[in-house]
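Pasted below: start.txt, compact mmCIF, C-alpha atoms.
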# COMPACT_ATOMS: atom_id res chain seq x y z
CA MET A 717 -24.39 18.99 2.77
CA PRO A 718 -22.78 18.99 -0.68
CA ALA A 719 -24.58 17.38 -3.58
CA PRO A 720 -23.58 13.79 -4.43
CA ASP A 721 -21.67 14.89 -7.51
CA SER A 722 -19.98 17.89 -5.92
CA PRO A 723 -16.18 17.73 -5.34
CA GLY A 724 -16.63 17.73 -1.55
CA SER A 725 -19.10 14.85 -1.49
CA PRO A 726 -18.02 11.41 -0.24
CA LEU A 727 -19.64 10.03 -3.40
CA SER A 728 -17.76 12.34 -5.71
CA PRO A 729 -15.96 10.52 -8.54
CA ALA A 730 -12.81 12.34 -7.43
CA SER A 731 -12.86 10.84 -3.94
CA PRO A 732 -10.68 7.78 -3.18
CA ALA A 733 -13.67 5.87 -1.80
CA ALA A 734 -15.66 6.35 -4.98
CA SER A 735 -12.66 5.48 -7.14
CA ALA A 736 -12.00 2.31 -5.18
CA SER A 737 -15.65 1.23 -5.18
CA ARG A 738 -15.74 1.29 -8.99
CA SER A 739 -12.57 -0.77 -9.41
CA PRO A 740 -12.90 -4.26 -10.93
CA LEU A 741 -10.46 -5.35 -8.21
CA VAL A 742 -12.98 -4.81 -5.38
CA PRO A 743 -14.06 -8.49 -5.36
CA TYR A 744 -10.39 -9.35 -4.81
CA GLY A 745 -9.97 -7.12 -1.77
CA TRP A 746 -9.28 -3.67 -3.22
CA ASP A 747 -10.56 -0.83 -1.06
CA ALA A 748 -10.14 2.90 -0.43
CA ASP A 749 -7.04 2.37 1.72
CA TRP A 750 -5.27 0.42 -1.03
CA ASP A 751 -6.38 3.09 -3.50
CA ALA A 752 -4.74 5.78 -1.37
CA VAL A 753 -1.51 3.80 -0.98
CA PHE A 754 -1.37 3.21 -4.73
CA ALA A 755 -1.87 6.89 -5.66
CA PRO A 756 1.87 7.66 -6.25
CA TYR A 757 2.16 4.69 -8.61
CA ALA A 758 -0.99 5.72 -10.48
CA GLU A 759 0.70 9.06 -11.16
CA GLN A 760 3.54 7.10 -12.81
CA GLY A 761 1.08 5.44 -15.17
CA LEU A 762 1.26 2.01 -13.48
CA LEU A 763 -1.62 -0.39 -12.88
CA PRO A 764 -2.66 -1.94 -9.56
CA GLY A 765 -2.88 -5.70 -9.41
CA ARG A 766 -3.07 -8.62 -7.00
CA VAL A 767 -0.70 -11.56 -7.30
CA VAL A 768 -2.64 -14.72 -8.10
CA ARG A 769 0.31 -17.08 -8.47
CA VAL A 770 4.12 -16.95 -8.44
CA ASP A 771 6.23 -19.24 -10.59
CA ARG A 772 10.00 -19.10 -11.27
CA GLY A 773 10.59 -15.37 -11.31
CA GLN A 774 7.27 -14.52 -12.92
CA CYS A 775 3.78 -14.13 -11.57
CA ASP A 776 0.18 -13.96 -12.67
CA VAL A 777 -1.32 -10.63 -11.64
CA LEU A 778 -4.99 -9.68 -11.77
CA THR A 779 -5.31 -6.06 -12.95
CA PRO A 780 -8.33 -3.90 -13.84
CA GLY A 781 -7.78 -5.04 -17.43
CA GLY A 782 -7.65 -8.74 -16.59
CA LEU A 783 -5.02 -11.36 -15.79
CA VAL A 784 -1.48 -10.59 -16.97
CA ARG A 785 1.90 -12.32 -16.77
CA ALA A 786 4.62 -10.13 -15.29
CA ASP A 787 8.32 -10.49 -14.53
CA THR A 788 9.53 -9.86 -10.97
CA GLU A 789 13.09 -8.83 -11.87
CA PHE A 790 12.75 -5.34 -10.40
CA VAL A 791 11.39 -6.51 -7.03
CA VAL A 792 13.80 -9.35 -6.22
CA PRO A 793 15.09 -8.61 -2.69
CA SER A 794 18.03 -10.00 -0.77
CA ASP A 795 15.73 -10.88 2.13
CA PRO A 796 13.47 -13.91 1.45
CA MET A 797 10.81 -12.34 3.65
CA SER A 798 10.24 -9.69 0.97
CA VAL A 799 9.84 -11.89 -2.10
CA VAL A 800 6.69 -11.58 -4.18
CA CYS A 801 3.99 -13.82 -2.71
CA THR A 802 0.44 -14.82 -3.56
CA GLY A 803 -1.85 -12.21 -2.06
CA ASP A 804 0.52 -9.26 -2.57
CA TRP A 805 -0.75 -6.04 -4.14
CA THR A 806 1.58 -4.67 -6.80
CA ALA A 807 2.23 -1.89 -9.27
CA VAL A 808 2.71 -3.30 -12.79
CA ASP A 809 3.40 -1.95 -16.26
CA THR A 810 0.51 -1.06 -18.52
CA GLY A 811 -0.48 -3.18 -21.51
CA ASP A 812 1.55 -1.17 -24.03
CA ARG A 813 4.85 -2.39 -22.52
CA ASP A 814 6.35 -5.70 -23.53
CA PRO A 815 7.48 -7.50 -21.49
CA ARG A 816 5.57 -6.39 -18.44
CA TYR A 817 7.27 -6.03 -15.06
CA VAL A 818 6.18 -5.74 -11.46
CA ARG A 819 7.63 -2.36 -10.52
CA ALA A 820 6.77 -2.28 -6.81
CA LEU A 821 5.06 -4.16 -4.00
CA LEU A 822 2.55 -2.29 -1.85
CA PRO A 823 3.18 -2.50 1.92
CA ARG A 824 1.67 -5.67 3.37
CA ARG A 825 -1.03 -5.49 6.00
CA ASN A 826 0.03 -8.86 7.39
CA ALA A 827 1.61 -12.14 6.35
CA PHE A 828 1.53 -15.79 7.39
CA VAL A 829 5.16 -16.78 7.93
CA ARG A 830 6.79 -20.03 9.02
CA SER A 831 10.46 -20.82 9.52
CA THR A 832 12.12 -22.78 6.76
CA SER A 833 13.46 -26.28 7.32
CA SER A 834 16.98 -25.08 6.55
CA LYS A 835 19.55 -24.19 9.19
CA ARG A 836 19.79 -20.60 7.94
CA SER A 837 17.07 -19.30 10.28
CA GLU A 838 15.03 -17.78 7.51
CA GLY A 839 11.30 -17.23 7.27
CA GLN A 840 9.05 -18.30 4.42
CA VAL A 841 6.02 -16.18 3.57
CA LEU A 842 3.07 -18.39 2.62
CA ALA A 843 0.32 -15.79 2.09
CA THR A 844 -0.13 -12.04 2.52
CA ASN A 845 -2.88 -9.51 3.13
CA ILE A 846 -5.27 -12.05 4.62
CA ASP A 847 -8.38 -11.76 6.78
CA HIS A 848 -8.88 -15.40 7.78
CA VAL A 849 -6.65 -18.43 8.21
CA VAL A 850 -8.54 -21.70 7.87
CA ILE A 851 -6.50 -24.46 9.50
CA CYS A 852 -7.59 -27.79 8.02
CA VAL A 853 -7.20 -30.89 10.21
CA SER A 854 -8.40 -34.25 8.92
CA LEU A 855 -10.62 -36.40 11.12
CA ALA A 856 -9.46 -39.42 9.11
CA ASP A 857 -6.42 -39.43 11.41
CA GLU A 858 -5.95 -39.08 15.14
CA LEU A 859 -6.01 -35.44 16.24
CA ASP A 860 -2.51 -34.03 16.66
CA LEU A 861 -3.19 -31.37 19.29
CA GLY A 862 0.40 -30.16 19.31
CA ARG A 863 0.31 -29.47 15.56
CA ILE A 864 -2.97 -27.59 15.96
CA GLU A 865 -1.36 -25.40 18.62
CA ARG A 866 1.56 -24.66 16.27
CA PHE A 867 -0.74 -23.59 13.45
CA LEU A 868 -2.79 -21.40 15.77
CA ALA A 869 0.30 -19.69 17.22
CA LEU A 870 1.50 -18.85 13.72
CA ALA A 871 -1.93 -17.71 12.57
CA MET A 872 -2.30 -15.44 15.59
CA SER A 873 1.18 -14.02 14.92
CA CYS A 874 0.05 -12.74 11.51
CA SER A 875 -1.43 -9.60 13.05
CA SER A 876 1.88 -8.38 14.42
CA GLY A 877 4.34 -9.82 11.92
CA ASP A 878 8.06 -9.35 12.39
CA ALA A 879 9.97 -6.07 12.41
CA LEU A 880 10.34 -6.07 8.62
CA LEU A 881 6.62 -6.50 8.03
CA ARG A 882 5.78 -3.82 10.58
CA GLU A 883 8.18 -1.47 8.82
CA GLN A 884 6.63 -2.26 5.44
CA ALA A 885 3.14 -1.59 6.81
CA HIS A 886 4.26 1.64 8.53
CA GLY A 887 3.25 0.21 11.90
CA GLU A 888 -0.25 -0.75 10.72
CA SER A 889 -1.46 -4.35 10.62
CA ILE A 890 -4.79 -6.09 10.20
CA ALA A 891 -5.81 -8.76 12.68
CA VAL A 892 -6.23 -12.25 11.24
CA GLN A 893 -9.11 -14.43 12.36
CA PRO A 894 -8.14 -18.12 12.61
CA VAL A 895 -10.75 -20.82 12.07
CA LEU A 896 -10.08 -24.47 12.88
CA VAL A 897 -11.86 -26.76 10.41
CA LEU A 898 -12.11 -30.48 11.17
CA THR A 899 -12.40 -31.91 7.67
CA LYS A 900 -13.79 -35.29 6.55
CA ALA A 901 -16.35 -35.26 9.35
CA ASP A 902 -18.37 -37.85 7.42
CA LEU A 903 -15.69 -40.44 8.30
CA VAL A 904 -16.51 -40.19 12.02
CA PRO A 905 -18.87 -43.08 12.87
CA ASP A 906 -21.32 -41.29 15.19
CA GLU A 907 -22.34 -37.88 16.53
CA ALA A 908 -21.07 -38.61 20.05
CA THR A 909 -17.56 -39.32 18.78
CA LEU A 910 -17.65 -36.22 16.58
CA ALA A 911 -18.70 -34.08 19.55
CA HIS A 912 -15.87 -35.55 21.63
CA LEU A 913 -13.29 -34.76 18.92
CA ARG A 914 -14.63 -31.23 18.59
CA THR A 915 -14.34 -30.73 22.36
CA ASP A 916 -10.74 -31.97 22.29
CA ALA A 917 -9.92 -29.47 19.54
CA GLU A 918 -11.64 -26.62 21.39
CA THR A 919 -9.50 -27.24 24.49
CA VAL A 920 -6.37 -26.26 22.52
CA ALA A 921 -8.05 -23.45 20.57
CA PRO A 922 -9.41 -20.97 23.15
CA GLY A 923 -11.51 -18.29 21.51
CA VAL A 924 -11.23 -19.91 18.07
CA GLN A 925 -14.23 -21.18 16.11
CA VAL A 926 -14.00 -24.95 15.58
CA LEU A 927 -16.09 -26.34 12.71
CA PRO A 928 -16.54 -30.00 11.76
CA VAL A 929 -16.97 -29.95 7.98
CA SER A 930 -17.60 -32.54 5.30
CA ALA A 931 -17.19 -31.64 1.65
CA GLU A 932 -18.81 -34.99 0.86
CA THR A 933 -22.11 -34.37 2.69
CA GLY A 934 -22.00 -30.57 2.89
CA GLU A 935 -22.00 -30.53 6.70
CA GLY A 936 -20.72 -27.23 8.07
CA LEU A 937 -20.01 -25.72 4.63
CA ASP A 938 -22.71 -23.06 4.92
CA ILE A 939 -21.30 -21.85 8.24
CA LEU A 940 -17.73 -21.77 6.91
CA ALA A 941 -18.79 -19.97 3.74
CA ALA A 942 -20.49 -17.29 5.84
CA VAL A 943 -17.36 -16.88 8.00
CA VAL A 944 -14.96 -16.33 5.10
CA ALA A 945 -17.30 -14.36 2.81
CA GLY A 946 -15.99 -11.06 1.53
CA GLY A 947 -12.40 -11.42 2.72
CA THR A 948 -9.13 -13.12 1.82
CA THR A 949 -8.80 -16.59 3.32
CA ALA A 950 -5.67 -18.75 3.43
CA LEU A 951 -6.22 -22.53 3.56
CA LEU A 952 -3.45 -24.27 5.50
CA GLY A 953 -2.80 -27.81 6.64
CA GLN A 954 -0.92 -31.02 6.03
CA SER A 955 -1.07 -32.98 2.78
CA GLY A 956 -4.23 -35.04 2.74
CA ALA A 957 -6.09 -32.70 5.10
CA GLY A 958 -8.65 -32.02 2.37
CA LYS A 959 -7.75 -28.40 1.57
CA SER A 960 -8.27 -28.68 -2.18
CA THR A 961 -11.52 -30.63 -1.76
CA LEU A 962 -12.72 -27.97 0.68
CA ALA A 963 -11.68 -25.23 -1.75
CA ASN A 964 -13.71 -26.85 -4.54
CA ALA A 965 -16.73 -27.09 -2.27
CA LEU A 966 -16.52 -23.40 -1.35
CA LEU A 967 -15.87 -22.37 -4.96
CA GLY A 968 -18.77 -24.45 -6.25
CA GLU A 969 -16.62 -25.99 -8.99
CA GLU A 970 -13.77 -28.43 -9.50
CA SER A 971 -11.10 -25.75 -9.67
CA GLN A 972 -8.41 -27.60 -7.71
CA ALA A 973 -7.17 -31.12 -8.51
CA VAL A 974 -7.59 -33.65 -5.71
CA GLN A 975 -6.14 -37.07 -4.97
CA VAL A 976 -7.01 -39.80 -2.52
CA THR A 977 -4.65 -40.58 0.35
CA ARG A 978 -2.17 -43.42 -0.08
CA ASP A 979 -3.61 -46.81 0.82
CA ARG A 980 -0.42 -48.19 2.35
CA ASP A 981 -0.06 -45.59 5.09
CA GLY A 982 -3.01 -43.22 4.83
CA LYS A 983 -0.65 -40.28 4.19
CA GLY A 984 -1.72 -37.40 1.99
CA ARG A 985 -0.33 -36.69 -1.45
CA HIS A 986 0.88 -33.28 -2.61
CA THR A 987 -1.92 -32.24 -4.97
CA THR A 988 -1.52 -28.45 -4.78
CA THR A 989 2.06 -27.51 -5.69
CA THR A 990 1.72 -23.72 -5.84
CA ARG A 991 -0.14 -21.09 -3.86
CA ASN A 992 -3.17 -19.97 -5.88
CA LEU A 993 -5.60 -17.12 -5.30
CA LEU A 994 -9.14 -18.16 -6.26
CA PRO A 995 -12.29 -15.97 -6.36
CA LEU A 996 -15.29 -17.15 -4.33
CA PRO A 997 -18.73 -16.91 -5.96
CA ALA A 998 -20.46 -13.55 -5.55
CA SER A 999 -23.68 -15.36 -4.66
CA ALA A 1000 -21.98 -16.64 -1.50
CA GLY A 1001 -20.70 -13.23 -0.46
CA GLY A 1002 -17.54 -13.06 -2.58
CA GLY A 1003 -13.98 -12.92 -1.33
CA VAL A 1004 -10.96 -14.99 -2.36
CA LEU A 1005 -9.21 -18.16 -1.24
CA ILE A 1006 -5.48 -18.80 -1.18
CA ASP A 1007 -5.00 -22.56 -1.46
CA THR A 1008 -1.53 -23.61 -0.32
CA PRO A 1009 0.51 -26.81 -0.73
CA GLY A 1010 0.47 -29.27 2.13
CA LEU A 1011 2.93 -28.43 4.90
CA ARG A 1012 5.15 -31.15 6.32
CA GLY A 1013 6.92 -28.84 8.74
CA VAL A 1014 5.31 -26.05 10.74
CA GLY A 1015 8.23 -24.18 12.26
CA LEU A 1016 7.52 -21.15 14.42
CA TRP A 1017 8.61 -17.72 13.27
CA ASP A 1018 8.51 -14.64 15.51
CA ALA A 1019 5.53 -16.20 17.25
CA GLN A 1020 5.85 -14.70 20.74
CA ASP A 1021 2.61 -12.73 20.46
CA GLY A 1022 0.83 -15.62 18.80
CA LEU A 1023 1.86 -18.03 21.54
CA GLY A 1024 0.45 -15.66 24.13
CA GLN A 1025 -2.91 -15.70 22.32
CA ALA A 1026 -2.92 -19.43 21.51
CA PHE A 1027 -2.23 -20.23 25.18
CA SER A 1028 -4.28 -17.36 26.57
CA GLU A 1029 -5.46 -19.32 29.61
CA ILE A 1030 -1.84 -19.88 30.70
CA GLU A 1031 -1.02 -16.21 30.16
CA GLU A 1032 -4.05 -15.31 32.27
CA LEU A 1033 -2.99 -17.64 35.08
CA ALA A 1034 0.58 -16.31 34.96
CA ARG A 1035 -0.64 -12.88 36.07
CA ASP A 1036 -1.27 -14.34 39.53
CA CYS A 1037 2.21 -15.87 39.90
CA ARG A 1038 4.25 -14.57 42.82
CA PHE A 1039 7.22 -13.69 40.60
CA GLN A 1040 6.85 -11.60 37.47
CA ASP A 1041 9.48 -13.63 35.59
CA CYS A 1042 8.11 -16.99 36.75
CA ALA A 1043 9.16 -19.88 34.49
CA HIS A 1044 6.21 -22.00 35.71
CA ASP A 1045 8.50 -24.79 36.77
CA SER A 1046 9.31 -25.16 40.48
CA GLU A 1047 8.97 -21.57 41.70
CA PRO A 1048 6.93 -21.01 44.89
CA GLY A 1049 3.63 -19.27 44.40
CA CYS A 1050 3.29 -20.26 40.72
CA ALA A 1051 -0.38 -20.04 39.72
CA VAL A 1052 0.20 -22.02 36.53
CA THR A 1053 1.67 -25.14 38.17
CA ALA A 1054 -1.00 -24.85 40.87
CA ALA A 1055 -3.66 -25.03 38.15
CA VAL A 1056 -1.99 -28.17 36.79
CA ALA A 1057 -1.94 -29.70 40.29
CA ASP A 1058 -5.65 -29.12 40.88
CA GLY A 1059 -6.62 -30.29 37.39
CA THR A 1060 -7.75 -26.90 36.12
CA LEU A 1061 -5.00 -26.84 33.46
CA PRO A 1062 -4.04 -30.04 31.58
CA GLU A 1063 -0.36 -30.88 32.06
CA ARG A 1064 -0.06 -31.65 28.34
CA ARG A 1065 -1.09 -28.09 27.59
CA LEU A 1066 1.63 -26.61 29.81
CA ASP A 1067 4.25 -28.97 28.35
CA SER A 1068 3.30 -27.89 24.85
CA TYR A 1069 3.47 -24.21 25.83
CA ARG A 1070 6.97 -24.66 27.28
CA LYS A 1071 8.15 -26.58 24.23
CA LEU A 1072 6.93 -23.97 21.75
CA LEU A 1073 8.34 -21.12 23.84
CA ARG A 1074 11.78 -22.79 23.88
CA GLU A 1075 11.63 -23.37 20.13
CA ASN A 1076 10.66 -19.78 19.44
CA THR A 1077 13.42 -18.49 21.72
CA ARG A 1078 16.06 -20.65 20.02
CA LEU A 1079 14.94 -19.48 16.60
CA ALA A 1080 15.01 -15.84 17.69
CA ALA A 1081 18.55 -16.29 19.01
CA ARG A 1082 19.72 -17.87 15.74
CA THR A 1083 17.99 -15.18 13.73
CA ASP A 1084 19.60 -12.42 15.81
CA ALA A 1085 23.00 -14.09 15.36
CA ARG A 1086 22.47 -14.20 11.59
CA LEU A 1087 21.47 -10.54 11.51
CA ARG A 1088 24.48 -9.57 13.61
CA ALA A 1089 26.76 -11.50 11.24
CA GLU A 1090 25.23 -9.77 8.24
CA GLN A 1091 25.64 -6.37 9.89
CA ARG A 1092 29.31 -7.11 10.67
CA HIS A 1093 29.84 -8.16 7.06
CA MET A 1094 28.23 -4.95 5.76
CA PHE A 1095 30.32 -2.86 8.18
CA LYS A 1096 33.54 -4.49 6.96
CA GLN A 1097 32.53 -3.88 3.35
CA ARG A 1098 31.91 -0.20 4.08
CA GLN A 1099 35.25 0.08 5.88
CA ALA A 1100 37.06 -1.47 2.92
CA LEU A 1101 35.24 0.86 0.51
CA GLY A 1102 36.14 3.86 2.68
CA ARG A 1103 39.83 2.92 2.69
CA HIS A 1104 39.76 2.40 -1.04
CA MET A 1105 38.17 5.83 -1.69
CA MET A 1106 40.66 7.51 0.66
CA GLU A 1107 43.60 5.97 -1.18
CA ARG A 1108 42.20 7.10 -4.50
CA LYS A 1109 41.78 10.62 -3.14
CA ARG A 1110 45.39 10.77 -1.89
CA GLY A 1111 46.77 9.48 -5.17
CA PRO A 1112 49.93 7.35 -5.63
CA HIS A 1113 52.68 7.73 -3.03
CA ARG A 1114 55.68 9.72 -4.24
CA ARG A 1115 59.24 8.73 -3.44
CA ALA A 1116 61.36 11.23 -1.55
Using the file provided, produce a representation of the structure as structure tokens.
Amino acid sequence: MPAPDSPGSPLSPASPAASASRSPLVPYGWDADWDAVFAPYAEQGLLPGRVVRVDRGQCDVLTPGGLVRADTEFVVPSDPMSVVCTGDWTAVDTGDRDPRYVRALLPRRNAFVRSTSSKRSEGQVLATNIDHVVICVSLADELDLGRIERFLALAMSCSSGDALLREQAHGESIAVQPVLVLTKADLVPDEATLAHLRTDAETVAPGVQVLPVSAETGEGLDILAAVVAGGTTALLGQSGAGKSTLANALLGEESQAVQVTRDRDGKGRHTTTTRNLLPLPASAGGGVLIDTPGLRGVGLWDAQDGLGQAFSEIEELARDCRFQDCAHDSEPGCAVTAAVADGTLPERRLDSYRKLLRENTRLAARTDARLRAEQRHMFKQRQALGRHMMERKRGPHRRA
């Protein structure tokens, strides 16, 4: 076995693992794999950094030398799915260049994506390179089981991503662990009611940890802190779900501004307006949080795989259907509708599954139509350019 300081040793300063372990970026998620991916940029004299916040064409990037402000002019893509996002790892200029620029984005391991509210069938990336998605649902309101199912389907789709993300990650992706947090548990009048609400949530979150949490009393915070320690966690939920209050409790300081819900209707107010990456205390295991603005709309985006996981019990039942392409409607020998008939599967659950599948299919069709239109447009442009170059090559026509 080579000595610890020998070139062949795993602990050699020349090894990627040793180089990564000494980086000030380790508490923010830097590891030997990122170090290896960044190697070509290091040869160009660039610095690695993680995007902490994005704002109007510029972003705050944490580098080994500290927090810097960098322009994103050189990494502005035509596809909104590739824009710089909080959580991205980047290659930025060194400190002797003014102004600084982000020169490249490292391939993403995964991304949380939802469809935009526009009619253009575009996705919006909310957070990248994440290990956990904490879905915050307030117990101050009646549980919206359908919304929980939407969030879970999207969270479980992070592992696969769409074709663009898979291409960026060279076919590699990191599975995301969703956690369903029932916030404001102190507002529930008694333990029996709280247990009932937790059971309701667990019925629509098979295989997902469900935690009642109160930032006011501290209930459940120790368990949640242990779950998210050492990784990158995205906090997601509606306005007023208590994300910023929960973030402050996990951070151990009042880092995020909070507001009370509106008295007239109990609706939440938009407190967080940007996505921010925040370091968790090392004493609690480290890691980082990405606090996101409240989401009014939770549109599906390329969520076929996520739907299969979020409704895993239906997928399991479907294996026993007589027909392989069973729509679980009126077909003979359908194991899914049989489970609804005998009470094994709640009818509401099947209705929700069908609804989300139809929505995802419609979105995929619109997205494919948009891509086909863009490809036709590019083809016509290339044809026109080819004709133009051919005419230039032939020169002006001469009269006989």
- [ ] Excluding Gly839 (chain A) and residues on its chain fewer than 5 positions from it, collect all residues at most 7 Å away from it, counting only C-alpha atoms, and give them as a PyMOL selection string.
- [x] chain A and resi 797+829-832+1017
Taking all atoms of region 794-813 of chain A that the file lists, what box with edges along x, y and z, padded by 6 Å per side, do you get, with centre and edge lengths in Å to one decimal, as lines of an AutoDock Vina configuration file?
center_x = 8.1
center_y = -7.9
center_z = -10.2
size_x = 31.9
size_y = 25.8
size_z = 39.7
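Between CA of Asp747 (chain A) and CA of Val768 (chain A) there is a distance of 17.5 Å.
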Open item on the list: Give me, as a list in words, all polymer residues having an atom no more than 12 Å from Asp1045 (chain A), counting only C-alpha atoms and skipping those fewer than 3 positions away in the same chain.
Closed with: Ala1034, Cys1037, Phe1039, Asp1041, Cys1042, Pro1048, Gly1049, Cys1050, Ala1051, Val1052, Thr1053, Ala1054, Val1056, Glu1063, Leu1066, Asp1067 and Arg1070 of chain A
Open item on the list: With all atoms listed in the file as the counted atoms, please give the residues lying no more than 10 Å from Gly773 (chain A), apart from itself and same-chain residues fewer than 6 positions off, as a list in words.
Closed with: Ala786, Asp787, Thr788, Glu789, Val791, Val792, Val799 and Val800 of chain A
